[in-house]
$ cat coords_7.cif   # mmCIF, C-alpha atoms and all ligand atoms
data_run
loop_
_atom_site.label_atom_id
_atom_site.label_comp_id
_atom_site.auth_asym_id
_atom_site.auth_seq_id
_atom_site.Cartn_x
_atom_site.Cartn_y
_atom_site.Cartn_z
CA MET A 1 97.96 38.94 92.82
CA TYR A 2 98.13 42.56 93.94
CA LYS A 3 101.72 43.63 94.16
CA VAL A 4 104.23 46.31 93.43
CA ASP A 5 105.63 46.40 89.88
CA GLU A 6 109.34 46.27 88.96
CA LYS A 7 109.77 50.01 89.17
CA GLY A 8 108.10 50.15 92.56
CA PHE A 9 104.66 51.36 91.51
CA PHE A 10 101.22 50.49 92.81
CA GLY A 11 99.17 51.72 89.86
CA GLN A 12 100.25 55.31 89.33
CA PHE A 13 101.65 55.70 92.86
CA GLY A 14 105.02 54.79 94.38
CA GLY A 15 108.40 54.73 92.66
CA ALA A 16 111.75 55.86 94.02
CA TYR A 17 112.33 59.61 93.70
CA VAL A 18 115.66 59.97 95.48
CA PRO A 19 118.66 62.28 95.13
CA GLU A 20 121.35 60.96 92.81
CA ILE A 21 123.72 60.25 95.67
CA LEU A 22 121.27 57.61 96.95
CA TYR A 23 120.68 55.85 93.59
CA LYS A 24 123.19 53.13 94.29
CA VAL A 25 122.20 52.36 97.86
CA VAL A 26 118.48 52.30 96.99
CA ARG A 27 119.24 50.14 93.95
CA ASP A 28 121.27 47.72 96.11
CA LEU A 29 118.37 47.43 98.52
CA GLN A 30 115.88 46.89 95.67
CA GLU A 31 117.97 44.01 94.42
CA ALA A 32 118.82 42.50 97.79
CA TYR A 33 115.60 42.51 99.79
CA GLN A 34 113.40 39.90 98.12
CA PRO A 35 115.96 37.06 97.96
CA ILE A 36 116.84 37.71 101.61
CA LEU A 37 113.18 37.77 102.70
CA ASP A 38 112.58 34.52 100.82
CA SER A 39 115.61 32.73 102.30
CA LYS A 40 115.02 30.01 104.82
CA GLU A 41 117.59 31.53 107.14
CA PHE A 42 115.73 34.85 107.28
CA GLN A 43 112.33 33.22 107.63
CA ASP A 44 113.49 31.01 110.51
CA GLU A 45 115.07 33.88 112.44
CA TYR A 46 112.20 36.28 111.78
CA TYR A 47 109.44 33.91 112.89
CA ALA A 48 111.42 32.70 115.91
CA LEU A 49 111.85 36.30 117.11
CA LEU A 50 108.20 37.13 116.42
CA LYS A 51 107.21 34.21 118.58
CA ASP A 52 109.60 34.37 121.52
CA TYR A 53 110.56 38.04 121.58
CA VAL A 54 107.49 39.90 120.29
CA GLY A 55 104.98 37.43 121.74
CA ARG A 56 103.17 36.38 118.56
CA PRO A 57 100.70 35.24 117.48
CA SER A 58 98.74 38.17 118.85
CA PRO A 59 95.28 37.03 120.02
CA LEU A 60 92.16 37.41 117.89
CA TYR A 61 89.63 38.31 120.54
CA TYR A 62 85.83 38.15 120.18
CA ALA A 63 84.50 41.42 121.60
CA LYS A 64 81.11 40.38 122.90
CA ARG A 65 79.75 43.63 124.24
CA LEU A 66 80.85 45.74 121.27
CA SER A 67 79.48 43.08 118.91
CA GLU A 68 76.07 43.51 120.50
CA LYS A 69 76.28 47.27 120.37
CA TYR A 70 77.22 47.39 116.68
CA ASN A 71 75.10 44.43 115.56
CA CYS A 72 77.93 42.32 114.13
CA GLN A 73 80.48 39.66 115.13
CA LEU A 74 83.46 41.79 116.09
CA TYR A 75 86.92 40.33 116.53
CA LEU A 76 89.85 42.45 117.68
CA LYS A 77 93.33 41.69 116.39
CA ARG A 78 95.41 42.52 119.45
CA GLU A 79 98.62 44.15 118.17
CA ASP A 80 98.52 46.17 121.40
CA LEU A 81 99.80 43.09 123.21
CA ASN A 82 103.10 42.96 121.30
CA HIS A 83 106.40 43.77 123.00
CA THR A 84 106.78 47.59 123.02
CA GLY A 85 103.02 47.97 122.73
CA ALA A 86 102.20 48.16 119.04
CA HIS A 87 102.54 46.58 115.60
CA LYS A 88 105.69 48.57 114.82
CA ILE A 89 108.01 45.92 116.24
CA ASN A 90 106.94 43.41 113.52
CA ASN A 91 108.59 45.71 111.00
CA THR A 92 111.71 46.66 112.97
CA ILE A 93 112.49 43.02 113.79
CA GLY A 94 112.32 42.13 110.10
CA GLN A 95 114.31 45.11 108.85
CA ILE A 96 117.10 44.76 111.42
CA LEU A 97 117.61 41.19 110.19
CA LEU A 98 117.66 42.49 106.61
CA ALA A 99 120.19 45.21 107.53
CA LYS A 100 122.46 42.68 109.22
CA LYS A 101 122.36 40.35 106.25
CA MET A 102 123.29 43.27 104.00
CA GLY A 103 126.34 43.90 106.19
CA LYS A 104 125.23 47.30 107.50
CA LYS A 105 126.73 48.61 110.73
CA ARG A 106 124.68 51.64 111.60
CA ILE A 107 120.89 52.13 111.78
CA ILE A 108 119.06 55.43 111.35
CA ALA A 109 115.32 56.03 111.63
CA GLU A 110 112.77 58.84 111.75
CA THR A 111 110.13 59.04 114.41
CA GLY A 112 107.13 61.23 115.18
CA ALA A 113 105.59 60.34 118.50
CA GLY A 114 108.60 58.18 119.21
CA GLN A 115 106.90 54.79 118.80
CA HIS A 116 108.92 53.80 115.76
CA GLY A 117 112.04 55.23 117.40
CA VAL A 118 111.48 53.04 120.45
CA ALA A 119 110.78 49.95 118.30
CA THR A 120 113.98 50.64 116.34
CA ALA A 121 116.12 51.33 119.43
CA THR A 122 114.75 48.09 120.90
CA VAL A 123 115.87 45.86 118.03
CA CYS A 124 119.22 47.70 117.83
CA ALA A 125 119.85 46.85 121.49
CA LEU A 126 118.81 43.27 120.76
CA MET A 127 121.18 43.01 117.79
CA ASP A 128 123.99 45.19 119.16
CA MET A 129 123.77 47.76 116.35
CA GLN A 130 124.58 51.47 116.50
CA CYS A 131 121.34 53.49 116.40
CA GLU A 132 120.52 57.14 115.66
CA ILE A 133 116.98 58.48 115.68
CA PHE A 134 115.80 61.71 114.03
CA MET A 135 112.91 63.39 115.76
CA GLY A 136 111.38 66.84 115.34
CA ALA A 137 112.34 69.15 118.22
CA THR A 138 108.66 69.83 118.91
CA ASP A 139 108.04 66.10 119.25
CA VAL A 140 111.14 65.66 121.46
CA GLU A 141 109.47 68.02 123.92
CA ARG A 142 105.98 66.56 123.58
CA GLN A 143 107.08 62.92 123.84
CA HIS A 144 109.57 63.11 126.67
CA MET A 145 108.98 59.56 127.91
CA ASN A 146 109.68 57.94 124.55
CA VAL A 147 112.86 60.02 124.19
CA GLU A 148 114.05 58.67 127.55
CA ARG A 149 113.12 55.13 126.52
CA MET A 150 115.19 55.43 123.31
CA LYS A 151 118.16 56.79 125.25
CA MET A 152 117.91 54.07 127.86
CA LEU A 153 117.94 51.54 125.00
CA GLY A 154 121.23 53.05 123.83
CA ALA A 155 120.08 55.15 120.87
CA LYS A 156 121.24 58.66 120.08
CA VAL A 157 118.26 60.99 119.59
CA ASN A 158 118.85 63.92 117.20
CA PRO A 159 116.31 66.76 117.56
CA VAL A 160 115.44 68.24 114.14
CA ARG A 161 114.93 72.01 114.08
CA THR A 162 113.86 72.62 110.49
CA GLY A 163 110.30 73.29 109.27
CA ASN A 164 107.56 72.58 111.77
CA MET A 165 110.02 70.42 113.71
CA THR A 166 107.74 67.36 113.49
CA LEU A 167 107.63 63.97 111.72
CA SER A 168 107.85 65.18 108.15
CA ASP A 169 111.00 67.16 109.00
CA ALA A 170 112.47 64.17 110.83
CA CYS A 171 112.01 62.07 107.65
CA SER A 172 113.79 64.69 105.55
CA GLN A 173 116.67 64.85 108.02
CA ALA A 174 117.02 61.05 108.12
CA ILE A 175 117.23 61.05 104.31
CA ARG A 176 119.91 63.77 104.49
CA ASP A 177 121.94 61.71 106.95
CA TRP A 178 121.59 58.67 104.69
CA CYS A 179 123.00 60.72 101.79
CA CYS A 180 126.13 61.34 103.89
CA HIS A 181 126.63 57.70 104.93
CA PRO A 182 125.14 55.56 102.16
CA GLU A 183 127.63 52.71 102.49
CA ASP A 184 127.55 51.63 106.13
CA THR A 185 124.12 52.94 107.13
CA TYR A 186 120.72 51.26 106.85
CA TYR A 187 117.68 53.54 106.94
CA LEU A 188 114.99 51.66 108.84
CA VAL A 189 111.73 53.21 107.61
CA GLY A 190 108.79 53.02 109.99
CA SER A 191 105.76 52.74 107.72
CA THR A 192 104.67 51.80 104.19
CA MET A 193 106.13 55.02 102.84
CA GLY A 194 109.36 56.28 101.33
CA PRO A 195 111.01 55.24 98.07
CA HIS A 196 110.63 51.74 96.60
CA PRO A 197 111.29 49.16 98.02
CA TYR A 198 110.31 50.42 101.50
CA PRO A 199 106.51 50.38 101.07
CA ASP A 200 106.78 46.77 99.88
CA ILE A 201 109.26 45.74 102.59
CA VAL A 202 107.18 47.21 105.41
CA ALA A 203 103.93 45.72 104.05
CA LYS A 204 105.58 42.31 103.91
CA MET A 205 106.90 42.62 107.47
CA GLN A 206 103.41 43.50 108.71
CA ALA A 207 101.70 40.85 106.57
CA VAL A 208 102.06 38.45 109.49
CA ILE A 209 98.95 40.17 110.91
CA SER A 210 96.62 38.93 108.16
CA LYS A 211 98.48 35.64 107.90
CA GLU A 212 97.47 34.99 111.52
CA ILE A 213 93.94 36.35 111.06
CA LYS A 214 93.38 33.67 108.40
CA TRP A 215 94.08 30.64 110.58
CA GLN A 216 92.66 32.25 113.69
CA LEU A 217 89.32 32.87 111.95
CA GLU A 218 89.35 29.35 110.51
CA GLU A 219 89.85 28.05 114.04
CA LYS A 220 87.12 30.22 115.55
CA ILE A 221 84.38 30.35 112.92
CA GLY A 222 85.34 27.67 110.42
CA ARG A 223 86.09 30.03 107.52
CA ASP A 224 89.27 31.95 106.94
CA TYR A 225 87.92 35.33 105.85
CA PRO A 226 85.85 38.10 107.44
CA ASP A 227 83.19 40.27 105.81
CA TYR A 228 84.97 43.42 106.93
CA LEU A 229 88.51 44.41 107.83
CA ILE A 230 88.98 47.68 109.70
CA ALA A 231 92.22 49.47 110.61
CA CYS A 232 93.52 52.97 111.19
CA VAL A 233 95.89 54.51 108.69
CA GLY A 234 98.76 56.94 109.21
CA GLY A 235 101.52 55.95 106.79
CA GLY A 236 99.60 52.73 106.31
CA SER A 237 101.61 49.87 107.80
CA ASN A 238 99.21 48.27 110.28
CA ALA A 239 96.46 48.63 107.66
CA ALA A 240 98.69 47.02 104.99
CA GLY A 241 99.43 44.12 107.32
CA THR A 242 95.77 43.68 108.19
CA ILE A 243 94.63 43.48 104.56
CA TYR A 244 97.70 41.96 102.91
CA HIS A 245 96.40 38.42 102.37
CA TYR A 246 92.88 39.60 101.51
CA ILE A 247 93.46 42.30 98.91
CA ASP A 248 92.40 40.03 96.03
CA ASP A 249 89.50 38.51 97.97
CA GLU A 250 86.42 40.44 96.86
CA ARG A 251 84.30 38.90 99.61
CA VAL A 252 86.18 41.04 102.12
CA LYS A 253 85.32 44.72 102.45
CA ILE A 254 88.16 46.96 103.57
CA VAL A 255 87.45 50.06 105.65
CA LEU A 256 90.26 52.32 106.84
CA ALA A 257 90.09 55.21 109.29
CA GLU A 258 92.32 58.20 108.66
CA ALA A 259 92.69 61.10 111.07
CA GLY A 260 90.21 63.88 110.38
CA GLY A 261 91.63 66.12 113.12
CA HIS A 262 89.14 68.99 113.57
CA GLY A 263 87.41 67.94 110.33
CA ILE A 264 88.23 67.56 106.66
CA ASP A 265 86.67 70.92 105.85
CA THR A 266 89.12 72.69 108.17
CA ASP A 267 92.88 73.37 107.93
CA TYR A 268 93.44 71.15 110.96
CA THR A 269 93.35 67.67 109.48
CA ALA A 270 95.57 64.70 108.62
CA ALA A 271 93.05 63.08 106.26
CA THR A 272 95.48 62.73 103.38
CA ILE A 273 93.40 60.38 101.26
CA GLN A 274 90.38 62.68 101.32
CA CYS A 275 92.23 66.00 101.27
CA GLY A 276 95.48 65.22 99.50
CA THR A 277 96.45 65.63 95.85
CA GLU A 278 99.04 63.82 93.81
CA GLY A 279 102.60 64.81 94.57
CA ILE A 280 105.95 63.55 95.78
CA ILE A 281 106.86 63.18 99.41
CA HIS A 282 109.90 61.45 100.91
CA GLY A 283 110.78 59.62 97.74
CA ALA A 284 107.37 58.38 96.59
CA ARG A 285 104.63 59.64 94.28
CA THR A 286 101.46 59.52 96.34
CA LEU A 287 98.68 61.65 97.77
CA VAL A 288 100.06 64.57 99.74
CA MET A 289 98.50 67.43 101.63
CA GLN A 290 99.97 70.43 99.88
CA THR A 291 99.33 74.06 99.06
CA ASP A 292 98.42 75.11 95.51
CA ASP A 293 102.07 75.83 94.80
CA GLY A 294 103.21 72.42 96.03
CA GLN A 295 104.44 73.18 99.56
CA ILE A 296 103.76 70.33 101.96
CA LYS A 297 101.15 71.30 104.55
CA GLU A 298 101.48 70.35 108.18
CA ALA A 299 99.17 67.54 109.23
CA PHE A 300 96.99 68.04 112.29
CA THR A 301 95.45 65.40 114.53
CA ILE A 302 95.22 64.58 118.21
CA SER A 303 97.07 61.36 117.40
CA ALA A 304 100.84 61.73 116.98
CA GLY A 305 101.09 58.39 115.15
CA LEU A 306 98.70 59.46 112.38
CA ASP A 307 100.25 62.91 112.00
CA TYR A 308 101.73 62.57 108.51
CA PRO A 309 100.88 64.71 105.45
CA GLY A 310 101.43 61.76 103.05
CA ILE A 311 100.13 58.21 102.75
CA GLY A 312 101.73 54.97 101.62
CA PRO A 313 101.45 54.61 97.82
CA MET A 314 99.72 51.23 98.13
CA HIS A 315 96.81 52.86 99.95
CA ALA A 316 96.72 55.82 97.54
CA ASP A 317 96.19 53.22 94.81
CA LEU A 318 93.70 50.97 96.65
CA ALA A 319 91.66 53.99 97.72
CA SER A 320 91.60 55.50 94.23
CA THR A 321 90.44 52.22 92.67
CA GLY A 322 87.73 51.88 95.31
CA ARG A 323 89.13 48.69 96.85
CA GLU A 324 89.46 50.51 100.16
CA GLN A 325 86.78 52.66 101.70
CA VAL A 326 88.47 55.41 103.69
CA LEU A 327 86.63 57.29 106.42
CA ALA A 328 87.89 60.40 108.18
CA VAL A 329 87.50 60.12 111.94
CA ASN A 330 87.78 63.37 113.88
CA ASP A 331 89.57 63.92 117.20
CA ASP A 332 86.41 63.92 119.30
CA GLU A 333 85.11 60.74 117.67
CA ALA A 334 88.44 59.00 118.31
CA ILE A 335 88.49 60.05 121.96
CA TYR A 336 84.99 58.66 122.32
CA GLY A 337 86.05 55.43 120.61
CA GLY A 338 88.96 55.09 123.02
CA TYR A 339 86.72 55.44 126.07
CA GLU A 340 84.14 53.12 124.55
CA LEU A 341 86.61 50.25 124.04
CA THR A 342 88.03 50.88 127.50
CA ARG A 343 84.67 50.71 129.28
CA MET A 344 83.05 48.01 127.20
CA GLU A 345 85.93 45.56 126.79
CA GLY A 346 88.55 46.64 129.33
CA ILE A 347 91.09 47.52 126.66
CA ILE A 348 92.67 50.99 126.60
CA PRO A 349 93.70 51.46 122.97
CA ALA A 350 96.30 53.79 121.48
CA ILE A 351 94.59 56.95 120.28
CA GLU A 352 95.53 55.88 116.71
CA SER A 353 93.66 52.59 117.13
CA ALA A 354 90.72 54.46 118.68
CA HIS A 355 90.16 55.98 115.22
CA ALA A 356 89.44 52.47 113.90
CA ILE A 357 87.01 51.80 116.76
CA ALA A 358 85.19 55.04 115.95
CA ALA A 359 84.71 53.86 112.35
CA LEU A 360 82.27 51.19 113.64
CA LYS A 361 79.70 53.91 114.28
CA LYS A 362 79.80 55.01 110.66
CA LEU A 363 79.01 51.58 109.22
CA THR A 364 75.84 49.51 109.10
CA PHE A 365 76.27 45.78 109.61
CA LYS A 366 74.10 42.69 109.43
CA LYS A 367 74.02 40.58 112.58
CA ASP A 368 76.09 37.77 111.01
CA ASP A 369 78.76 40.01 109.53
CA VAL A 370 82.21 39.03 110.75
CA VAL A 371 84.30 42.12 111.38
CA VAL A 372 88.01 42.01 112.19
CA LEU A 373 89.40 45.26 113.56
CA THR A 374 93.09 45.74 114.28
CA VAL A 375 93.94 47.39 117.59
CA SER A 376 97.33 48.67 116.43
CA GLY A 377 98.66 49.64 119.86
CA ARG A 378 97.97 50.15 123.53
CA GLY A 379 97.01 53.41 125.14
CA ASP A 380 99.49 53.76 127.99
CA LYS A 381 101.24 56.55 126.09
CA ASP A 382 97.94 58.41 125.59
CA ILE A 383 96.43 58.50 129.08
CA GLU A 384 97.08 62.23 129.43
CA THR A 385 95.45 62.92 126.06
CA TYR A 386 92.38 60.92 127.05
CA LEU A 387 92.12 62.68 130.40
CA LYS A 388 92.61 66.15 128.94
CA ASN A 389 89.82 65.50 126.44
CA LYS A 390 87.39 63.52 128.52
CA GLU A 391 84.62 66.05 127.86
CA MET A 392 84.60 64.65 124.30
CA ALA A 393 83.30 61.38 125.74
CA LYS A 394 80.78 62.66 128.28
CA GLU A 395 79.03 59.31 128.55
CA TYR A 396 82.20 57.78 129.99
CA GLY A 397 84.39 60.73 130.86
CA ASN A 398 82.58 62.19 133.89
CA PHE A 399 84.83 60.71 136.55
C1 LIG B 1 102.57 54.51 114.33
C2 LIG B 1 101.26 53.99 114.72
C3 LIG B 1 100.18 53.96 113.82
C4 LIG B 1 100.24 54.54 112.44
O1 LIG B 1 101.16 53.97 111.58
P1 LIG B 1 100.74 53.03 110.37
O2 LIG B 1 102.01 52.87 109.63
O3 LIG B 1 99.68 53.72 109.58
O4 LIG B 1 100.26 51.76 110.95
C5 LIG B 1 98.99 53.41 114.25
N1 LIG B 1 98.85 52.92 115.48
C6 LIG B 1 99.85 52.91 116.37
C7 LIG B 1 99.61 52.33 117.73
C8 LIG B 1 101.09 53.44 116.03
O5 LIG B 1 102.08 53.46 116.93
#
$ encode --input "coords_7.cif" --output "structure tokens" --more "lines below"
Ligand SMILES: *Cc1c(COP(=O)(O)O)cnc(C)c1O
Amino acid sequence: MYKVDEKGFFGQFGGAYVPEILYKVVRDLQEAYQPILDSKEFQDEYYALLKDYVGRPSPLYYAKRLSEKYNCQLYLKREDLNHTGAHKINNTIGQILLAKKMGKKRIIAETGAGQHGVATATVCALMDMQCEIFMGATDVERQHMNVERMKMLGAKVNPVRTGNMTLSDACSQAIRDWCCHPEDTYYLVGSTMGPHPYPDIVAKMQAVISKEIKWQLEEKIGRDYPDYLIACVGGGSNAAGTIYHYIDDERVKIVLAEAGGHGIDTDYTAATIQCGTEGIIHGARTLVMQTDDGQIKEAFTISAGLDYPGIGPMHADLASTGREQVLAVNDDEAIYGGYELTRMEGIIPAIESAHAIAALKKLTFKKDDVVVLTVSGRGDKDIETYLKNKEMAKEYGNF
């Protein structure tokens, strides 16, 4: 079975490259997480909250009109229907339970667009935990509504003014804070990134997505696997959850969409798997977009949730071995994909998820091919972006 090794590596990628002051706390977490996740107490609480609080299982919806258009049998895994509007809550619900069981009192988290910050602030309110969010000052301005949501939920939002003042800087600042409070503080990481064991923890929290796909497909088509799985990839968590129970199943092709921005041959891209080289970012060895002398480059994409210059080590490995096919989807293609899903199925997707929709155009299917595509989130937060760029989807955008 595909899994992380004892030292936290997926092939050559992963590990835990942390400052010495964090050795002990990271070590404690490495030793504590798996027994807790396996315990009946954790499992009972986690699945009860997923059901009654998050609203799971999320539907697996047969998209009839898009199936006809793309000549396949397309099913959408509707993570957009979760409480708080995306898959991120699956992870924060699980990790807050883990933090509580480890006796932690204070939660910190990084956020880019604010989606992970909101999902973290939400579970902290639910569990009555102290919550501080680190967010680049540029993002604080750009994502005003999410900042207000986090504050309303009782979190303290700390604007980060170093570097480009975006997600990557927020991660660094959260790690710095953790160094100052290693004993009482739990760092609730938002994607399959960071030092071991976070990529494994987050993948396991999101694995409920493919666990559900299995029985939902069995129910709908009488077999529990698709021919294709498609998801968008930023740090890699919704993709990891979508593929988790199928990684060893060679019958299933895996196609991921990363953010091409203006294009992979430009400086304005977030396509880390295609443009990155091996390096270390936020505690893990993985693919990183960096300059020749090893400085981390800023990622660029229309989608704040995919705006990360690294990639989860699991995906760096699966892409390099060829298990995953990774396509770069540019801003204009994603905008078009968002309008297309909206007009053809009545679902306004998050701009991140629209990257996965746009991948359909780049593939050739047979009529009987069963395709499961994860709609990672809903598009309420992106309406302005869609409107501002409607000329990129002329077919639908001339209203
Ligand atoms: C954060 C986010 C993503 C990207 O994160 P992953 O960890 O790669 O899943 C994708 N879609 C939505 C809706 C998000 O909020």
$ closest_residue --input "coords_7.cif" --among "A:Leu256, A:Ala121, A:Leu229, A:Met152" --to "ligand LIG 1 (chain B)" --atoms "only C-alpha atoms and all ligand atoms"
A:Leu256
$ residues_near_point --input "coords_7.cif" --point "(83.7, 60.3, 135.7)" --cutoff "12 Å" --atoms "all atoms listed in the file" --output "number ranges by chain"
A: 339, 343, 387, 390-391, 393-399
$ residues_around --input "coords_7.cif" --residues "range 19-28 of chain A" --least-positions-apart "5" --cutoff "9 Å" --atoms "all atoms listed in the file" --output "number ranges by chain"
A: 33, 178-180, 182-183, 195-197, 283
$ write_last_selection --input "coords_7.cif" --atoms "C-alpha atoms" --output "PDB file, in the coordinates of the input"
ATOM      1  CA  TYR A  33     115.600  42.510  99.790  1.00  0.00           C
ATOM      2  CA  TRP A 178     121.590  58.670 104.690  1.00  0.00           C
ATOM      3  CA  CYS A 179     123.000  60.720 101.790  1.00  0.00           C
ATOM      4  CA  CYS A 180     126.130  61.340 103.890  1.00  0.00           C
ATOM      5  CA  PRO A 182     125.140  55.560 102.160  1.00  0.00           C
ATOM      6  CA  GLU A 183     127.630  52.710 102.490  1.00  0.00           C
ATOM      7  CA  PRO A 195     111.010  55.240  98.070  1.00  0.00           C
ATOM      8  CA  HIS A 196     110.630  51.740  96.600  1.00  0.00           C
ATOM      9  CA  PRO A 197     111.290  49.160  98.020  1.00  0.00           C
ATOM     10  CA  GLY A 283     110.780  59.620  97.740  1.00  0.00           C
TER      11      GLY A 283
END
$ atom_distance --input "coords_7.cif" --atom1 "CA of Gly163 in chain A" --atom2 "CA of Val288 in chain A"
16.5 Å
$ closest_residue --input "coords_7.cif" --among "A:Met1, A:Val18, A:Val326, A:Ile175" --to "Arg285 in chain A" --atoms "only C-alpha atoms"
A:Val18
$ residues_near_point --input "coords_7.cif" --point "(110.9, 50.9, 107.8)" --cutoff "12 Å" --atoms "all atoms listed in the file" --output "number ranges by chain"
A: 88-96, 98-99, 107-111, 116-117, 119-120, 171, 174, 186-206, 235-237, 312
$ residues_near_ligand --input "coords_7.cif" --ligand "ligand LIG 1 (chain B)" --cutoff "8 Å" --atoms "only C-alpha atoms and all ligand atoms" --output "ChimeraX atom specification"
/A:80,85-88,113,115-116,190-192,232-240,304-306,349-353,375-379
$ closest_residue --input "coords_7.cif" --among "A:Leu81, A:Leu66, A:Ala359, A:Cys72" --to "Val54 in chain A" --atoms "all atoms listed in the file"
A:Leu81
$ residues_around --input "coords_7.cif" --residues "Asp249 in chain A" --least-positions-apart "3" --cutoff "12 Å" --atoms "all atoms listed in the file" --output "PyMOL selection string"
chain A and resi 1-2+224-229+243-246+252-254+323
$ residues_around --input "coords_7.cif" --residues "Val118 in chain A" --least-positions-apart "5" --cutoff "9 Å" --atoms "only C-alpha atoms" --output "VMD selection string"
chain A and resid 84 89 111 123 146 to 147 149 to 150 153 155
$ closest_residue --input "coords_7.cif" --among "A:Phe13, A:Asp267, A:Gly261, A:Lys211" --to "Ile311 in chain A" --atoms "only C-alpha atoms"
A:Phe13
$ residues_around --input "coords_7.cif" --residues "Thr166 in chain A" --least-positions-apart "4" --cutoff "9 Å" --atoms "all atoms listed in the file" --output "number ranges by chain"
A: 111-113, 135-140, 160-162, 170-171, 298, 307
$ write_last_selection --input "coords_7.cif" --atoms "C-alpha atoms" --output "mmCIF file, in the frame of the given file"
data_model
loop_
_atom_site.group_PDB
_atom_site.id
_atom_site.type_symbol
_atom_site.label_atom_id
_atom_site.label_comp_id
_atom_site.auth_asym_id
_atom_site.auth_seq_id
_atom_site.Cartn_x
_atom_site.Cartn_y
_atom_site.Cartn_z
ATOM 1 C CA THR A 111 110.130 59.040 114.410
ATOM 2 C CA GLY A 112 107.130 61.230 115.180
ATOM 3 C CA ALA A 113 105.590 60.340 118.500
ATOM 4 C CA MET A 135 112.910 63.390 115.760
ATOM 5 C CA GLY A 136 111.380 66.840 115.340
ATOM 6 C CA ALA A 137 112.340 69.150 118.220
ATOM 7 C CA THR A 138 108.660 69.830 118.910
ATOM 8 C CA ASP A 139 108.040 66.100 119.250
ATOM 9 C CA VAL A 140 111.140 65.660 121.460
ATOM 10 C CA VAL A 160 115.440 68.240 114.140
ATOM 11 C CA ARG A 161 114.930 72.010 114.080
ATOM 12 C CA THR A 162 113.860 72.620 110.490
ATOM 13 C CA ALA A 170 112.470 64.170 110.830
ATOM 14 C CA CYS A 171 112.010 62.070 107.650
ATOM 15 C CA GLU A 298 101.480 70.350 108.180
ATOM 16 C CA ASP A 307 100.250 62.910 112.000
#
$ closest_residue --input "coords_7.cif" --among "A:Val157, A:Ile133, A:Val208, A:Met127" --to "Tyr47 in chain A" --atoms "only C-alpha atoms"
A:Val208
$ atom_distance --input "coords_7.cif" --atom1 "CA of Arg223 in chain A" --atom2 "CA of Ser320 in chain A"
29.3 Å
$ closest_residue --input "coords_7.cif" --among "A:His181, A:Glu258, A:His83, A:Glu345" --to "Ile230 in chain A" --atoms "all atoms listed in the file"
A:Glu258
$ atom_distance --input "coords_7.cif" --atom1 "CA of Leu29 in chain A" --atom2 "CA of Pro57 in chain A"
28.6 Å
$ residues_around --input "coords_7.cif" --residues "Ala270 in chain A" --least-positions-apart "3" --cutoff "6 Å" --atoms "only C-alpha atoms" --output "list in words"
Ala259, Gly260, Ala299, Phe300 and Thr301 of chain A
